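Coordinates from my_file.cif are shown below (mmCIF, C-alpha atoms).
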```cif
data_coords
#
loop_
_atom_site.label_atom_id
_atom_site.label_comp_id
_atom_site.auth_asym_id
_atom_site.auth_seq_id
_atom_site.Cartn_x
_atom_site.Cartn_y
_atom_site.Cartn_z
CA MET A 512 84.45 34.42 -8.65
CA PHE A 513 84.80 31.04 -6.96
CA ALA A 514 83.40 27.95 -8.69
CA THR A 515 80.54 26.17 -6.93
CA ARG A 516 79.72 22.52 -6.63
CA GLY A 517 76.16 23.29 -7.69
CA ALA A 518 77.48 24.53 -11.01
CA ALA A 519 79.19 21.20 -11.59
CA LEU A 520 75.95 19.32 -10.88
CA ARG A 521 74.03 21.51 -13.33
CA CYS A 522 76.66 21.08 -16.00
CA ARG A 523 76.35 17.30 -15.79
CA ALA A 524 72.67 17.61 -16.62
CA ARG A 525 73.51 19.79 -19.62
CA ALA A 526 76.11 17.28 -20.76
CA ALA A 527 73.44 14.61 -21.19
CA ALA A 528 72.37 16.40 -24.37
CA ALA A 529 75.90 16.45 -25.81
CA VAL A 530 76.54 14.91 -29.20
CA ALA A 531 77.39 11.22 -28.90
CA PRO A 532 81.08 10.59 -29.52
CA GLY A 533 82.03 8.99 -32.80
CA THR A 534 84.33 6.04 -33.12
CA ALA A 535 88.00 6.48 -33.89
CA GLN A 536 91.06 4.26 -34.25
CA PHE A 537 94.65 5.47 -34.27
CA ARG A 538 97.94 4.26 -35.70
CA LEU A 539 101.29 5.93 -35.26
CA THR A 540 103.01 6.02 -38.61
CA PHE A 541 106.21 7.04 -40.34
CA ASP A 542 105.55 8.39 -43.80
CA PRO A 543 108.23 10.14 -45.85
CA ALA A 544 105.65 11.57 -48.28
CA PRO A 545 106.17 15.22 -49.31
CA ALA A 546 104.61 17.89 -47.15
CA ALA A 547 102.20 18.96 -49.90
CA LYS A 548 100.44 15.60 -49.55
CA MET A 549 99.52 16.28 -45.93
CA ALA A 550 95.79 15.69 -46.30
CA THR A 551 95.93 12.66 -48.60
CA SER A 552 99.17 10.71 -48.15
CA PRO A 553 98.90 7.18 -46.72
CA ALA A 554 100.45 6.00 -43.49
CA PRO A 555 102.30 2.79 -44.35
CA SER A 556 103.99 1.76 -41.10
CA GLU A 557 103.39 1.90 -37.35
CA LEU A 558 105.50 3.37 -34.56
CA SER A 559 105.55 2.16 -30.97
CA ASN A 560 105.58 4.67 -28.12
CA ALA A 561 109.34 4.25 -27.74
CA GLU A 562 109.87 4.67 -31.48
CA LEU A 563 107.71 7.78 -31.57
CA TRP A 564 109.70 9.39 -28.74
CA LYS A 565 112.94 8.51 -30.53
CA ARG A 566 111.55 10.06 -33.69
CA ILE A 567 110.55 13.27 -31.85
CA VAL A 568 114.06 13.63 -30.40
CA GLU A 569 115.80 12.92 -33.72
CA VAL A 570 113.66 15.33 -35.74
CA TYR A 571 113.96 18.00 -33.04
CA ASN A 572 117.76 17.73 -32.87
CA ARG A 573 118.06 17.87 -36.64
CA ALA A 574 115.69 20.83 -36.95
CA GLN A 575 117.58 22.71 -34.26
CA SER A 576 120.90 22.12 -35.98
CA THR A 577 119.61 23.27 -39.39
CA GLY A 578 117.65 26.22 -38.04
CA ALA A 579 114.28 24.80 -39.17
CA CYS A 580 113.06 25.35 -35.62
CA SER A 581 114.38 27.71 -32.99
CA LYS A 582 114.50 27.36 -29.22
CA THR A 583 114.43 30.60 -27.27
CA ASP A 584 116.52 30.61 -24.11
CA THR A 585 114.56 31.53 -21.02
CA LYS A 586 115.24 32.45 -17.42
CA VAL A 587 113.06 30.51 -14.98
CA GLU A 588 111.63 31.96 -11.79
CA LEU A 589 109.43 30.05 -9.35
CA LEU A 590 106.56 31.94 -7.73
CA PRO A 591 104.72 29.81 -5.16
CA ASP A 592 101.14 30.71 -4.26
CA PRO A 593 100.64 30.14 -0.52
CA SER A 594 96.84 29.96 -0.72
CA THR A 595 96.77 26.99 -3.10
CA GLY A 596 100.23 25.44 -2.86
CA ILE A 597 100.72 25.88 -6.63
CA GLU A 598 104.37 26.60 -7.49
CA PHE A 599 104.10 28.67 -10.66
CA VAL A 600 106.91 28.45 -13.21
CA VAL A 601 107.50 31.84 -14.84
CA ARG A 602 109.71 31.87 -17.93
CA VAL A 603 111.27 35.10 -19.14
CA ALA A 604 111.98 35.00 -22.89
CA THR A 605 113.00 38.51 -23.91
CA ALA A 606 114.10 37.36 -27.39
CA LEU A 607 110.48 36.66 -28.29
CA LYS A 608 109.83 40.41 -28.35
CA SER A 609 111.67 40.57 -31.67
CA LYS A 610 109.58 37.83 -33.30
CA PRO A 611 108.31 39.11 -36.69
CA LYS A 612 104.80 40.60 -36.71
CA GLY A 613 102.44 42.03 -39.30
CA PRO A 614 102.85 45.60 -40.61
CA PRO A 615 101.67 48.46 -38.39
CA LYS A 616 98.28 49.96 -39.15
CA GLU A 617 99.79 53.26 -40.19
CA ALA A 618 101.69 51.53 -43.01
CA GLU A 619 98.46 50.59 -44.77
CA GLY A 620 97.77 52.94 -47.69
CA SER A 621 100.96 54.89 -47.04
CA GLY A 622 102.82 53.68 -50.10
CA ALA A 623 104.82 51.15 -48.07
CA ALA A 624 105.22 47.62 -49.37
CA ALA A 625 101.95 45.70 -49.22
CA PRO A 626 101.77 43.21 -46.36
CA LYS A 627 102.22 39.58 -47.29
CA ALA A 628 99.08 37.47 -47.28
CA TRP A 629 98.72 35.18 -44.28
CA ARG A 630 99.90 31.66 -45.00
CA ASN A 631 98.67 28.63 -43.11
CA PRO A 632 101.86 27.17 -41.57
CA PHE A 633 100.23 23.73 -41.40
CA LEU A 634 99.03 23.44 -45.03
CA PRO A 635 101.53 22.70 -46.28
CA TYR A 636 103.76 22.26 -43.25
CA GLU A 637 107.54 22.58 -43.36
CA GLU A 638 108.86 19.11 -44.08
CA GLU A 639 111.76 19.62 -41.64
CA LEU A 640 109.23 19.98 -38.80
CA TRP A 641 107.28 16.82 -39.61
CA VAL A 642 107.56 13.97 -37.10
CA SER A 643 104.91 11.39 -38.01
CA HIS A 644 101.34 10.92 -39.15
CA LEU A 645 99.26 9.84 -36.16
CA SER A 646 96.20 8.76 -38.13
CA ASP A 647 94.45 9.51 -41.39
CA SER A 648 93.16 12.73 -39.77
CA HIS A 649 96.11 14.03 -37.69
CA THR A 650 99.83 14.58 -38.03
CA LEU A 651 102.58 15.48 -35.56
CA LEU A 652 104.83 18.50 -36.09
CA LEU A 653 107.50 20.29 -34.10
CA ASN A 654 106.66 23.73 -32.77
CA LYS A 655 108.83 26.01 -34.91
CA PHE A 656 109.35 28.61 -32.16
CA ASN A 657 109.75 26.79 -28.85
CA VAL A 658 110.88 27.69 -25.36
CA VAL A 659 111.05 24.10 -24.09
CA GLU A 660 112.62 21.15 -25.87
CA HIS A 661 110.44 18.67 -27.78
CA HIS A 662 107.37 20.92 -27.90
CA VAL A 663 105.12 19.31 -30.53
CA LEU A 664 101.82 20.05 -32.27
CA VAL A 665 99.00 17.61 -33.05
CA VAL A 666 97.50 19.10 -36.22
CA THR A 667 94.52 18.15 -38.37
CA ARG A 668 95.74 17.04 -41.79
CA ALA A 669 92.87 18.86 -43.50
CA PHE A 670 91.82 22.32 -42.42
CA GLN A 671 89.51 22.50 -39.41
CA SER A 672 88.85 25.58 -37.32
CA GLN A 673 90.53 26.25 -33.98
CA GLN A 674 87.10 27.52 -32.93
CA ASP A 675 85.67 23.98 -33.14
CA PRO A 676 85.30 21.74 -30.07
CA LEU A 677 87.64 18.80 -29.69
CA ASN A 678 86.47 15.37 -30.84
CA ALA A 679 87.52 11.76 -30.35
CA ARG A 680 90.07 11.90 -33.16
CA ASP A 681 91.73 15.05 -31.80
CA LEU A 682 91.89 13.72 -28.25
CA GLY A 683 92.91 10.20 -29.23
CA ALA A 684 95.81 11.50 -31.30
CA ALA A 685 97.01 13.74 -28.47
CA TRP A 686 96.57 10.92 -25.94
CA LYS A 687 98.84 8.63 -27.95
CA VAL A 688 101.59 11.26 -28.00
CA LEU A 689 101.24 11.77 -24.24
CA GLN A 690 101.80 8.05 -23.70
CA ALA A 691 105.05 8.23 -25.68
CA LEU A 692 106.72 10.90 -23.52
CA PRO A 693 109.07 9.19 -21.00
CA GLN A 694 108.02 11.31 -17.99
CA GLY A 695 104.59 12.18 -19.29
CA GLY A 696 103.43 15.39 -20.85
CA LEU A 697 100.74 18.04 -20.94
CA ALA A 698 98.51 18.70 -23.94
CA PHE A 699 96.61 21.95 -24.27
CA TYR A 700 94.09 23.57 -26.59
CA ASN A 701 93.37 27.28 -26.89
CA CYS A 702 89.84 27.77 -28.24
CA GLY A 703 88.14 31.10 -28.93
CA GLU A 704 89.25 34.69 -29.42
CA HIS A 705 90.03 35.23 -25.72
CA SER A 706 91.94 31.96 -25.18
CA GLY A 707 95.44 32.98 -26.28
CA ARG A 708 95.28 31.10 -29.58
CA SER A 709 97.75 32.03 -32.32
CA GLN A 710 96.64 30.05 -35.41
CA PRO A 711 93.16 29.44 -36.87
CA HIS A 712 94.02 25.88 -38.04
CA LYS A 713 92.95 23.33 -35.42
CA HIS A 714 95.85 21.99 -33.35
CA LEU A 715 96.67 20.84 -29.85
CA GLN A 716 100.08 21.51 -28.35
CA ILE A 717 102.05 19.09 -26.17
CA VAL A 718 105.00 19.83 -23.90
CA PRO A 719 106.96 17.29 -21.82
CA LEU A 720 106.78 17.22 -18.05
CA PRO A 721 108.15 18.41 -15.67
CA PHE A 722 108.14 22.12 -16.49
CA THR A 723 111.43 22.50 -14.63
CA PRO A 724 113.82 19.87 -13.21
CA SER A 725 113.18 20.95 -9.62
CA GLN A 726 109.51 19.93 -9.85
CA PRO A 727 107.89 16.47 -10.00
CA ALA A 728 106.77 15.18 -13.41
CA GLU A 729 103.25 16.57 -13.13
CA ALA A 730 101.46 19.85 -13.82
CA PRO A 731 101.87 22.32 -10.93
CA VAL A 732 98.07 22.46 -10.67
CA GLN A 733 97.84 18.68 -10.20
CA GLY A 734 97.66 18.87 -6.39
CA VAL A 735 94.73 21.30 -6.42
CA VAL A 736 92.87 19.06 -8.88
CA GLN A 737 93.46 15.99 -6.71
CA VAL A 738 92.17 17.72 -3.58
CA ALA A 739 89.04 18.89 -5.41
CA ALA A 740 88.47 15.40 -6.78
CA SER A 741 88.71 13.86 -3.31
CA THR A 742 86.35 16.48 -1.88
CA SER A 743 83.77 15.97 -4.62
CA GLY A 744 83.99 12.17 -4.58
CA ALA A 745 83.66 12.23 -8.38
CA ALA A 746 84.33 9.01 -10.27
CA PRO A 747 86.72 9.02 -13.25
CA TYR A 748 85.35 10.82 -16.32
CA THR A 749 82.87 12.75 -14.11
CA PRO A 750 83.21 16.56 -13.98
CA PHE A 751 83.70 18.44 -10.73
CA ALA A 752 84.37 22.07 -9.89
CA VAL A 753 87.95 22.76 -8.79
CA GLN A 754 87.34 24.61 -5.54
CA GLY A 755 89.63 27.18 -3.97
CA LEU A 756 90.55 29.00 -7.19
CA PRO A 757 89.50 32.60 -7.91
CA TYR A 758 88.04 31.64 -11.31
CA ARG A 759 85.74 29.00 -12.73
CA CYS A 760 87.57 25.75 -13.40
CA TYR A 761 86.23 22.24 -14.05
CA ALA A 762 88.11 18.96 -14.21
CA ALA A 763 87.66 15.20 -14.43
CA LEU A 764 90.02 12.41 -13.47
CA LEU A 765 91.08 9.94 -16.17
CA ASP A 766 92.20 6.33 -16.29
CA PRO A 767 95.45 5.35 -18.06
CA THR A 768 93.35 3.13 -20.33
CA ALA A 769 91.07 5.96 -21.52
CA THR A 770 89.70 5.53 -25.04
CA PRO A 771 89.20 8.34 -27.57
CA GLU A 772 85.44 7.99 -27.08
CA GLN A 773 85.73 8.32 -23.29
CA LEU A 774 87.95 11.38 -23.71
CA GLU A 775 85.46 13.02 -26.06
CA SER A 776 82.55 12.29 -23.73
CA THR A 777 84.48 13.77 -20.80
CA PHE A 778 85.37 16.85 -22.84
CA GLN A 779 81.73 17.38 -23.84
CA GLN A 780 80.65 17.23 -20.19
CA LEU A 781 83.34 19.71 -19.15
CA LEU A 782 82.48 22.00 -22.03
CA ALA A 783 78.86 21.99 -20.86
CA CYS A 784 80.11 23.28 -17.50
CA CYS A 785 81.68 26.26 -19.26
CA GLN A 786 78.45 27.38 -20.94
CA PRO A 787 76.91 30.54 -19.47
CA ALA A 788 73.71 28.73 -18.44
CA ALA A 789 75.79 26.38 -16.28
CA ALA A 790 77.95 29.08 -14.74
CA GLY A 791 76.08 29.23 -11.44
CA PRO A 792 74.60 32.34 -9.82
CA SER A 793 76.44 35.63 -10.13
CA GLY A 794 77.21 37.50 -6.97
CA ALA A 795 79.98 38.76 -4.76
CA GLY A 796 83.24 37.10 -5.61
CA HIS A 797 81.91 35.44 -8.80
CA HIS A 798 82.55 36.51 -12.36
CA GLY A 799 79.52 35.82 -14.53
CA PRO A 800 79.83 35.16 -18.28
CA SER A 801 80.82 38.07 -20.46
CA GLU A 802 78.31 39.70 -22.78
CA HIS A 803 80.11 38.17 -25.77
CA GLN A 804 79.85 34.60 -24.53
CA THR A 805 76.27 33.59 -25.26
CA SER A 806 76.63 30.35 -27.22
CA SER A 807 78.91 27.32 -27.39
CA SER A 808 80.50 28.65 -30.57
CA SER A 809 81.44 31.98 -28.96
CA VAL A 810 82.70 30.71 -25.59
CA SER A 811 86.46 31.03 -25.21
CA TYR A 812 88.13 28.39 -23.07
CA ASN A 813 91.37 26.57 -22.37
CA VAL A 814 91.79 22.81 -22.24
CA ILE A 815 94.50 20.97 -20.29
CA LEU A 816 95.02 17.24 -20.72
CA THR A 817 97.44 14.94 -18.92
CA SER A 818 97.35 11.18 -18.44
CA ARG A 819 95.66 11.80 -15.05
CA PHE A 820 93.08 14.53 -15.64
CA MET A 821 91.34 16.81 -18.12
CA MET A 822 90.54 20.41 -17.18
CA LEU A 823 88.62 23.26 -18.83
CA VAL A 824 88.69 26.94 -17.89
CA PRO A 825 86.30 29.47 -19.50
CA ARG A 826 87.88 32.82 -20.42
CA ARG A 827 86.75 36.45 -20.32
CA LYS A 828 89.78 38.03 -22.03
CA GLU A 829 93.22 37.18 -23.37
CA MET A 830 95.35 39.78 -21.56
CA GLU A 831 95.71 41.50 -18.24
CA GLY A 832 98.04 44.46 -18.28
CA PRO A 833 100.96 43.64 -20.58
CA CYS A 834 100.62 39.86 -20.15
CA ALA A 835 98.87 37.45 -22.53
CA VAL A 836 97.78 34.12 -21.05
CA ASN A 837 96.99 30.82 -22.77
CA SER A 838 96.20 27.34 -21.43
CA LEU A 839 99.65 26.86 -19.90
CA GLY A 840 98.98 29.63 -17.39
CA PHE A 841 96.15 27.60 -15.87
CA ALA A 842 98.42 24.53 -15.79
CA GLY A 843 100.93 26.49 -13.69
CA THR A 844 103.44 28.10 -16.04
CA VAL A 845 103.49 31.63 -17.48
CA LEU A 846 105.64 32.97 -20.31
CA VAL A 847 106.64 36.64 -20.19
CA ARG A 848 108.55 38.54 -22.83
CA SER A 849 110.23 41.30 -20.83
CA GLU A 850 111.38 42.30 -17.39
CA GLU A 851 108.41 44.68 -17.36
CA GLU A 852 106.01 41.75 -17.76
CA LEU A 853 107.88 39.78 -15.13
CA GLY A 854 107.53 42.68 -12.71
CA PHE A 855 103.79 42.82 -13.41
CA VAL A 856 103.40 39.09 -12.67
CA ARG A 857 105.41 39.42 -9.46
CA GLU A 858 103.37 42.39 -8.26
CA THR A 859 99.97 41.03 -9.29
CA GLY A 860 100.63 37.40 -8.43
CA PRO A 861 100.13 34.56 -10.93
CA LEU A 862 96.83 33.43 -9.41
CA GLN A 863 95.31 36.92 -9.55
CA LEU A 864 96.54 37.26 -13.12
CA LEU A 865 94.59 34.11 -13.98
CA ALA A 866 91.55 35.40 -12.08
CA ALA A 867 91.59 38.54 -14.22
CA VAL A 868 91.53 36.65 -17.55
CA GLY A 869 89.32 33.77 -16.36
CA GLN A 870 85.71 33.99 -15.24
#
```

Can you present the structure in this file as structure tokens?
Amino acid sequence: MFATRGAALRCRARAAAAVAPGTAQFRLTFDPAPAAKMATSPAPSELSNAELWKRIVEVYNRAQSTGACSKTDTKVELLPDPSTGIEFVVRVATALKSKPKGPPKEAEGSGAAAPKAWRNPFLPYEEELWVSHLSDSHTLLLNKFNVVEHHVLVVTRAFQSQQDPLNARDLGAAWKVLQALPQGGLAFYNCGEHSGRSQPHKHLQIVPLPFTPSQPAEAPVQGVVQVAASTSGAAPYTPFAVQGLPYRCYAALLDPTATPEQLESTFQQLLACCQPAAAGPSGAGHHGPSEHQTSSSSVSYNVILTSRFMMLVPRRKEMEGPCAVNSLGFAGTVLVRSEEELGFVRETGPLQLLAAVGQ
């Protein structure tokens, strides 16, 4: 169950065979082109970090006032874990239980109205949610259903699969948005059927830090990552196993001046750590890879990116009990949709919940 340093050493060897990162350049742009031109419209002007943040706030406030996006009120509860020092932020959002879903199975063939075909919400996107084009390959949108203010999405302008690994363009676009958030932010990527993903169109999500005003402007898991980095002695951009957690977790420290190519190289090394062959020996207290996770294309994992570190966690399943978990759980915050789910998290403990869905 616990990650081993030997696994991290083996994963570095595997990473040597990773595809070499491509080159990428990024410009922040303001483009009033119609939404239908998402994949082809030019990006005529640049935005500074300060201008991008101003644009995020303005578009968010306008979308909230018109109803184009909706913020769900939540009740926050802090659940500290004494074994790791992580103070988990649990948000209770009961209104999300009424979010529209597809028709029940029993309605199919029963004479009821036929279900509507799935529509990609990013092609075309809703113009009221559009913030800015980040490059010729990525655009920035508001999250339509948000539980924290200024939750944004970095979306590929042409369709790419959420099953695909991240590349320099994805990471560079997200990195630029992180630099624009006044107190920093946290980007995350849910990849694979067990990761907690909700849309098949490739996108990273970014939320501002801190998760709650009572905490410092860093991910709650930051302290555990820093301790593991010091113990391993790993240089920036070099993977290490995050020790002391009841699931496999790999991270690498980053420099503020990281380039898209450095970010992609770091991601490829961390992804190599998550492959079954690099998982380390199975045994007491260790969850080996599931029978479904036999290739890089079938591995489910979560990615967390801040201006200080990148972290990957391989997954075995999406849910434990009534609770679904995505990348944010491993960053230190869990969203529950009912008092029943909150009671389950309290009784189980956030860390053991993560252990059940991790590896």

Check the smallest atom-to-atom distance from each of A:Thr749, A:Gln870, A:Asn572, A:Gln863 to A:Gln779 using all atoms listed in the file, then report the winner.
-> A:Thr749

Please expand the PyMOL selection byres ((chain A and resi 700-712) around 8) into the concrete residues it hits in this file, giving the result as an mmCIF file with C-alpha atoms, in the coordinates of the input.
```
data_model
loop_
_atom_site.group_PDB
_atom_site.id
_atom_site.type_symbol
_atom_site.label_atom_id
_atom_site.label_comp_id
_atom_site.auth_asym_id
_atom_site.auth_seq_id
_atom_site.Cartn_x
_atom_site.Cartn_y
_atom_site.Cartn_z
ATOM 1 C CA ASN A 631 98.670 28.630 -43.110
ATOM 2 C CA PHE A 633 100.230 23.730 -41.400
ATOM 3 C CA VAL A 666 97.500 19.100 -36.220
ATOM 4 C CA THR A 667 94.520 18.150 -38.370
ATOM 5 C CA PHE A 670 91.820 22.320 -42.420
ATOM 6 C CA GLN A 671 89.510 22.500 -39.410
ATOM 7 C CA SER A 672 88.850 25.580 -37.320
ATOM 8 C CA GLN A 673 90.530 26.250 -33.980
ATOM 9 C CA GLN A 674 87.100 27.520 -32.930
ATOM 10 C CA ASP A 675 85.670 23.980 -33.140
ATOM 11 C CA PRO A 676 85.300 21.740 -30.070
ATOM 12 C CA ALA A 698 98.510 18.700 -23.940
ATOM 13 C CA PHE A 699 96.610 21.950 -24.270
ATOM 14 C CA LYS A 713 92.950 23.330 -35.420
ATOM 15 C CA HIS A 714 95.850 21.990 -33.350
ATOM 16 C CA LEU A 715 96.670 20.840 -29.850
ATOM 17 C CA GLN A 716 100.080 21.510 -28.350
ATOM 18 C CA SER A 809 81.440 31.980 -28.960
ATOM 19 C CA VAL A 810 82.700 30.710 -25.590
ATOM 20 C CA SER A 811 86.460 31.030 -25.210
ATOM 21 C CA TYR A 812 88.130 28.390 -23.070
ATOM 22 C CA ASN A 813 91.370 26.570 -22.370
ATOM 23 C CA VAL A 814 91.790 22.810 -22.240
ATOM 24 C CA ILE A 815 94.500 20.970 -20.290
ATOM 25 C CA ARG A 826 87.880 32.820 -20.420
ATOM 26 C CA ARG A 827 86.750 36.450 -20.320
ATOM 27 C CA LYS A 828 89.780 38.030 -22.030
ATOM 28 C CA GLU A 829 93.220 37.180 -23.370
ATOM 29 C CA ALA A 835 98.870 37.450 -22.530
ATOM 30 C CA VAL A 836 97.780 34.120 -21.050
ATOM 31 C CA ASN A 837 96.990 30.820 -22.770
ATOM 32 C CA SER A 838 96.200 27.340 -21.430
#
```

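For the set A:Glu775, A:Trp564, A:Val753, A:Ser648, the residue with the smallest atom-to-atom gap to A:His662 is A:Trp564, counting all atoms listed in the file.
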
What does the PyMOL selection byres ((chain A and resi 719-733) around 6) select in this file, as a VMD selection string?
-> chain A and resid 597 695 to 696 718 734 to 736 842 to 843

Nearest candidate to A:Ala604 (options A:Phe656, A:Trp641, A:Phe751, A:Phe841; using only C-alpha atoms) | A:Phe656

If you count all atoms listed in the file, which residues fall within 6 Å of A:Leu651, apart from same-chain ones fewer than 4 positions away, as a list in words?
-> Val642, Ser643, His644, Leu664 and Val665 of chain A

List the residues selected by the PyMOL selection byres ((chain A and resi 847) around 9) in the file shown, writing them as a ChimeraX atom specification.
-> /A:601-605,607,834-835,845-846,848-853,856

Contacts of A:Gln575 at 10 Å or less, counting only C-alpha atoms, minus same-chain residues fewer than 4 places along, as a ChimeraX atom specification?
-> /A:569-571,579-582,639-640,655,660

Same residues, C-alpha atoms, saved as a tab-separated table (two decimals), in the coordinates of the input:
```
chain	number	residue	atom	x	y	z
A	569	GLU	CA	115.80	12.92	-33.72
A	570	VAL	CA	113.66	15.33	-35.74
A	571	TYR	CA	113.96	18.00	-33.04
A	579	ALA	CA	114.28	24.80	-39.17
A	580	CYS	CA	113.06	25.35	-35.62
A	581	SER	CA	114.38	27.71	-32.99
A	582	LYS	CA	114.50	27.36	-29.22
A	639	GLU	CA	111.76	19.62	-41.64
A	640	LEU	CA	109.23	19.98	-38.80
A	655	LYS	CA	108.83	26.01	-34.91
A	660	GLU	CA	112.62	21.15	-25.87
```

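From atom CA of A:Thr777 back to atom CA of A:Tyr761, the distance works out to 11.0 Å.
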